[in-house]
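Accompanying notes for the structure given below.
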Amino acid sequence: MTELEKIECAKVYMDKLANGINPVDDSAVPDEDVVNNVRLSRCFFFVADLLEQVIENGGIQPAETGKKAKKRPLEIPFEKRTRFEYSVKPIPASEIAKRVNALRDDENMGKLSYSGIVEWLAEIGMMEDADMPDGKKTKRPTAIGRETGISVEERLGTGGTYQVVVYNRAAQQFIVDNLDAIIAAKNSCTELRGTPWTQEQDERAADMCSRAVPMREIAAEMRRSTSAVRKRLKKLGFDL
């Protein structure tokens, strides 16, 4: 593994930790775990952003140039999607996101994260929360998801065996065919990520949830990810 690949791997770990995901087995970290402390979450996001700058600079730390420019929303033209490198062997969502991001027009454009793919699939009923033997929750494919080509593989790591969700050729095609919807969901709900929730935001999110407003719409209104909104609503007492 090259130094750049190690940095890219570290970036994936920081992204997962920042979003309350165990980077080892992709399970959701319990709400009470220290990883979900808002200060640590902000730190993880900060480190992930720094690593992204290093990656975009070819593995070299970029020189200090003042305030970081805001990246343009992710956009992948249709003609570029035909260049997506499909894998015959099932691959995880993080690898799919990496191959999608390789199609970006320029480095000043935002990126698609693996969680953006998984959250969108959960919203359309292809992924759902599943209880793990240790009491934690993680995302697993539903019957519809399995029919589409999403499955679970058991792998061996330094800490023993673990499970990972992978996508076959057909599932990869489904994601690429629906990039517009996935990217739109990703671009519309991350402006306030990592910032503390206010009482007004809690009340607004709770009201929308009580009226059965779709989670994606609540996330767009709150300008946060669906996973962040779902986690907050659970803390407010909603059984989701």
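Going through the structure tokens in order, the chains are called A, B, and so on, while each chain numbers its residues from 1 and the ligands are numbered from 1 in the order shown.
Neighbouring residues of Gly116 of chain A at 9 Å or closer, counting only C-alpha atoms and skipping chain neighbours under 5 positions away, are A:Ala97, A:Leu121, A:Ile182, A:Ile183, A:Ala185, A:Lys186, A:Ser225, A:Thr226.
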Those selected residues, please, written with all heavy atoms and delivered as a PDB file, in the first residue's frame.
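Contents of the output file part.pdb:
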ATOM      1  N   ALA A  97     -18.138   4.736  -4.226  1.00  0.00           N
ATOM      2  CA  ALA A  97     -18.023   6.188  -4.076  1.00  0.00           C
ATOM      3  C   ALA A  97     -16.677   6.673  -4.613  1.00  0.00           C
ATOM      4  O   ALA A  97     -16.600   7.709  -5.287  1.00  0.00           O
ATOM      5  CB  ALA A  97     -18.174   6.570  -2.605  1.00  0.00           C
ATOM      6  N   LEU A 121     -30.116   4.553  -0.242  1.00  0.00           N
ATOM      7  CA  LEU A 121     -30.681   3.210  -0.403  1.00  0.00           C
ATOM      8  C   LEU A 121     -31.646   2.890   0.736  1.00  0.00           C
ATOM      9  O   LEU A 121     -32.673   2.227   0.524  1.00  0.00           O
ATOM     10  CB  LEU A 121     -29.561   2.170  -0.440  1.00  0.00           C
ATOM     11  CG  LEU A 121     -28.682   2.174  -1.705  1.00  0.00           C
ATOM     12  CD1 LEU A 121     -27.487   1.265  -1.520  1.00  0.00           C
ATOM     13  CD2 LEU A 121     -29.502   1.757  -2.923  1.00  0.00           C
ATOM     14  N   ILE A 182     -29.046  10.428  -5.837  1.00  0.00           N
ATOM     15  CA  ILE A 182     -28.111  10.264  -4.722  1.00  0.00           C
ATOM     16  C   ILE A 182     -27.337  11.557  -4.475  1.00  0.00           C
ATOM     17  O   ILE A 182     -27.192  12.005  -3.334  1.00  0.00           O
ATOM     18  CB  ILE A 182     -27.136   9.111  -5.009  1.00  0.00           C
ATOM     19  CG1 ILE A 182     -27.898   7.793  -5.138  1.00  0.00           C
ATOM     20  CG2 ILE A 182     -26.087   9.001  -3.900  1.00  0.00           C
ATOM     21  CD1 ILE A 182     -27.036   6.623  -5.599  1.00  0.00           C
ATOM     22  N   ILE A 183     -26.855  12.166  -5.548  1.00  0.00           N
ATOM     23  CA  ILE A 183     -26.086  13.404  -5.421  1.00  0.00           C
ATOM     24  C   ILE A 183     -26.969  14.540  -4.919  1.00  0.00           C
ATOM     25  O   ILE A 183     -26.548  15.351  -4.083  1.00  0.00           O
ATOM     26  CB  ILE A 183     -25.439  13.780  -6.766  1.00  0.00           C
ATOM     27  CG1 ILE A 183     -24.359  12.756  -7.124  1.00  0.00           C
ATOM     28  CG2 ILE A 183     -24.839  15.175  -6.709  1.00  0.00           C
ATOM     29  CD1 ILE A 183     -23.750  12.951  -8.500  1.00  0.00           C
ATOM     30  N   ALA A 185     -29.545  14.329  -2.994  1.00  0.00           N
ATOM     31  CA  ALA A 185     -29.763  14.120  -1.563  1.00  0.00           C
ATOM     32  C   ALA A 185     -28.516  14.516  -0.781  1.00  0.00           C
ATOM     33  O   ALA A 185     -28.594  15.130   0.284  1.00  0.00           O
ATOM     34  CB  ALA A 185     -30.116  12.659  -1.295  1.00  0.00           C
ATOM     35  N   LYS A 186     -27.352  14.197  -1.310  1.00  0.00           N
ATOM     36  CA  LYS A 186     -26.088  14.508  -0.646  1.00  0.00           C
ATOM     37  C   LYS A 186     -25.836  16.010  -0.612  1.00  0.00           C
ATOM     38  O   LYS A 186     -25.435  16.571   0.405  1.00  0.00           O
ATOM     39  CB  LYS A 186     -24.955  13.789  -1.372  1.00  0.00           C
ATOM     40  CG  LYS A 186     -23.567  13.988  -0.752  1.00  0.00           C
ATOM     41  CD  LYS A 186     -22.783  15.056  -1.441  1.00  0.00           C
ATOM     42  CE  LYS A 186     -21.368  15.191  -0.853  1.00  0.00           C
ATOM     43  NZ  LYS A 186     -20.633  16.349  -1.412  1.00  0.00           N
ATOM     44  N   SER A 225     -27.472  15.533   7.242  1.00  0.00           N
ATOM     45  CA  SER A 225     -27.639  14.217   6.637  1.00  0.00           C
ATOM     46  C   SER A 225     -28.815  13.491   7.280  1.00  0.00           C
ATOM     47  O   SER A 225     -29.210  13.797   8.417  1.00  0.00           O
ATOM     48  CB  SER A 225     -26.369  13.388   6.814  1.00  0.00           C
ATOM     49  OG  SER A 225     -26.158  13.076   8.183  1.00  0.00           O
ATOM     50  N   THR A 226     -29.384  12.533   6.564  1.00  0.00           N
ATOM     51  CA  THR A 226     -30.511  11.783   7.114  1.00  0.00           C
ATOM     52  C   THR A 226     -30.090  10.988   8.349  1.00  0.00           C
ATOM     53  O   THR A 226     -30.872  10.826   9.286  1.00  0.00           O
ATOM     54  CB  THR A 226     -31.082  10.813   6.062  1.00  0.00           C
ATOM     55  OG1 THR A 226     -30.024   9.976   5.565  1.00  0.00           O
ATOM     56  CG2 THR A 226     -31.719  11.567   4.910  1.00  0.00           C
TER      57      THR A 226
END
Expected answer as an NGL selection string: helix (DSSP H, G or I) residues in segment 11-235 of chain A | :A and (11-18 or 34-36 or 38-56 or 78-81 or 93-101 or 114-123 or 143-148 or 169-177 or 179-188 or 199-210 or 215-222 or 226-235)
If you run DSSP on this backbone, which residues of segment 149-204 of chain A come out as strand (DSSP E), and could you give them as a list in words?
-> Ile150, Ser151, Val152, Glu153, Glu154, Arg155, Leu156, Gly157, Gly160, Thr161, Tyr162, Gln163, Val164, Val165, Val166 and Tyr167 of chain A
Write out as a ChimeraX atom specification the residues lying within 12 Å of Met222 of chain A, counting only C-alpha atoms and excluding same-chain residues fewer than 4 positions away.
-> /A:188-193,195-198,200-206,208-209,215-218,226-230,232-233
Which residue, A:Ala219, A:Leu112, A:Leu156, A:Leu50, has the smallest gap to Lys231 of chain A when you use only C-alpha atoms?
-> A:Ala219
Using only C-alpha atoms, which residues sit within 9 Å of Met126 of chain A once same-chain residues fewer than 3 positions away are excluded, as a list in words?
-> Val118, Trp120, Leu121, Ala122, Glu123, Arg140, Pro141, Thr142, Ala143, Ile144, Gly145, Arg146, Thr148 and Ile150 of chain A
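Ranking A:Lys98, A:Arg104, A:Lys235, A:Arg72 by their shortest atom-to-atom distance to Lys11 of chain A, with only C-alpha atoms included, puts A:Lys98 first.
The space separating atom CA of Glu119 of chain A from atom CA of Ile175 of chain A comes to 12.2 Å.
Atom CA of Phe44 of chain A sits 12.8 Å away from atom CA of Asn22 of chain A.
Checking A:Ala93, A:Val88, A:Leu51, A:Ala18 one by one against Val176 of chain A, counting only C-alpha atoms, you find the shortest gap at A:Ala93.
Using only C-alpha atoms for every distance, the candidate list A:Asn19, A:Asp131, A:Leu74, A:Tyr13 yields A:Leu74 as the residue closest to Ala181 of chain A.
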